[in-house]
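Encoded as structure tokens, the structure appears first; notes follow it.
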Amino acid sequence: PNQIIKSVLGGNEVILTLRQTYYGMQASIQSNGENVSLAVAVLNTVPINSRNTENFKGALFIVDTQGDLDPYPSGLGGRFQLVYSEDGT
């Protein structure tokens, strides 16, 4: 199942799409209409976006609050928390 999260981060309108595939979870980020990241593997504590752009500064990543597993859909919002760091760390 896909999940779409819309939010304002760092003053930018951001759309995060999470998708479960056979190989694991993937994410895409769009900010102010610009694709920032497309179909990136989502791994525990690894930034989903690898670079800052004019329309998106900072880092989005998912953290396992109970260990060191890569995220899976049924744990989102519980065990796995979406984190935004404005300074990218």
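Residues in the structure tokens are numbered from 1 in each chain, the chains being A, B, ... in the order shown, and ligands are numbered from 1 in the order shown.
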Excluding Arg51 of chain A and any residue of its chain fewer than 3 positions from it, enumerate the residues within 12 Å of it, using only C-alpha atoms, and give them as a ChimeraX atom specification. /A:29,35-37,47-48,54-60,87-89
Give me the residues near Leu16 of chain A as a JSON list (two decimals) with all heavy atoms, in the first residue's frame, where near means some atom within 8 Å (using only C-alpha atoms) and where sequence neighbours in that chain fewer than 4 positions away do not count.
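Writing done, so here's around.json:
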```json
[["chain", "number", "residue", "atom", "x", "y", "z"],
["A", 4, "ILE", "N", 0.73, 8.61, 1.38],
["A", 4, "ILE", "CA", 1.12, 9.94, 0.95],
["A", 4, "ILE", "C", 0.98, 10.87, 2.14],
["A", 4, "ILE", "O", -0.07, 10.93, 2.79],
["A", 4, "ILE", "CB", 0.24, 10.42, -0.22],
["A", 4, "ILE", "CG1", 0.45, 9.49, -1.42],
["A", 4, "ILE", "CG2", 0.57, 11.85, -0.58],
["A", 4, "ILE", "CD1", -0.49, 9.75, -2.57],
["A", 5, "ILE", "N", 2.07, 11.58, 2.42],
["A", 5, "ILE", "CA", 2.09, 12.52, 3.54],
["A", 5, "ILE", "C", 2.37, 13.90, 2.97],
["A", 5, "ILE", "O", 3.36, 14.09, 2.26],
["A", 5, "ILE", "CB", 3.19, 12.13, 4.55],
["A", 5, "ILE", "CG1", 2.94, 10.72, 5.08],
["A", 5, "ILE", "CG2", 3.28, 13.15, 5.68],
["A", 5, "ILE", "CD1", 4.13, 10.09, 5.75],
["A", 6, "LYS", "N", 1.51, 14.86, 3.31],
["A", 6, "LYS", "CA", 1.68, 16.24, 2.87],
["A", 6, "LYS", "C", 1.94, 17.11, 4.09],
["A", 6, "LYS", "O", 1.24, 16.98, 5.10],
["A", 6, "LYS", "CB", 0.45, 16.74, 2.13],
["A", 6, "LYS", "CG", 0.16, 15.98, 0.85],
["A", 6, "LYS", "CD", -1.09, 16.49, 0.17],
["A", 6, "LYS", "CE", -1.38, 15.68, -1.08],
["A", 6, "LYS", "NZ", -2.59, 16.17, -1.77],
["A", 27, "ALA", "N", 10.72, 5.56, -1.18],
["A", 27, "ALA", "CA", 10.11, 6.86, -0.94],
["A", 27, "ALA", "C", 10.45, 7.83, -2.07],
["A", 27, "ALA", "O", 11.52, 7.73, -2.68],
["A", 27, "ALA", "CB", 10.60, 7.45, 0.38],
["A", 28, "SER", "N", 9.53, 8.73, -2.31],
["A", 28, "SER", "CA", 9.75, 9.84, -3.23],
["A", 28, "SER", "C", 9.36, 11.12, -2.52],
["A", 28, "SER", "O", 8.40, 11.13, -1.74],
["A", 28, "SER", "CB", 8.92, 9.67, -4.51],
["A", 28, "SER", "OG", 9.32, 8.51, -5.21],
["A", 29, "ILE", "N", 10.12, 12.17, -2.76],
["A", 29, "ILE", "CA", 9.83, 13.48, -2.16],
["A", 29, "ILE", "C", 9.64, 14.49, -3.28],
["A", 29, "ILE", "O", 10.46, 14.58, -4.20],
["A", 29, "ILE", "CB", 10.98, 13.95, -1.26],
["A", 29, "ILE", "CG1", 11.23, 12.97, -0.12],
["A", 29, "ILE", "CG2", 10.68, 15.35, -0.70],
["A", 29, "ILE", "CD1", 12.48, 13.28, 0.69],
["A", 30, "GLN", "N", 8.58, 15.26, -3.16],
["A", 30, "GLN", "CA", 8.34, 16.38, -4.06],
["A", 30, "GLN", "C", 8.19, 17.62, -3.18],
["A", 30, "GLN", "O", 7.50, 17.59, -2.16],
["A", 30, "GLN", "CB", 7.08, 16.14, -4.87],
["A", 30, "GLN", "CG", 6.87, 17.14, -5.98],
["A", 30, "GLN", "CD", 5.64, 16.82, -6.79],
["A", 30, "GLN", "OE1", 4.53, 16.89, -6.28],
["A", 30, "GLN", "NE2", 5.85, 16.45, -8.04]]
```
List the spatial neighbours of segment 61-75 of chain A as a VMD selection string - criterion: any atom at most 9 Å away, only C-alpha atoms, same-chain residues fewer than 5 positions off excluded. chain A and resid 1 to 3 18 to 20 24 to 25 42 to 49 80 to 85
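Of the residues listed (A:Ala39, A:Thr53, A:Glu86, A:Arg79), A:Ala39 shows the shortest atom-to-atom separation from Gln26 of chain A; distances use only C-alpha atoms.
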Considering only strand (DSSP E) as DSSP defines it on the backbone, what residues of chain A qualify? List them as a PyMOL selection string. chain A and resi 2-9+12-21+24-31+34-41+59-64+80-85
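Put simply, atom CA of Glu34 of chain A is 23.5 Å away from atom CA of Thr21 of chain A.
The spacing separating atom CA of Gly77 of chain A from atom CA of Gly10 of chain A amounts to 21.3 Å.
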How many Å separate atom CA of Glu13 of chain A from atom CA of Leu38 of chain A? 16.6 Å
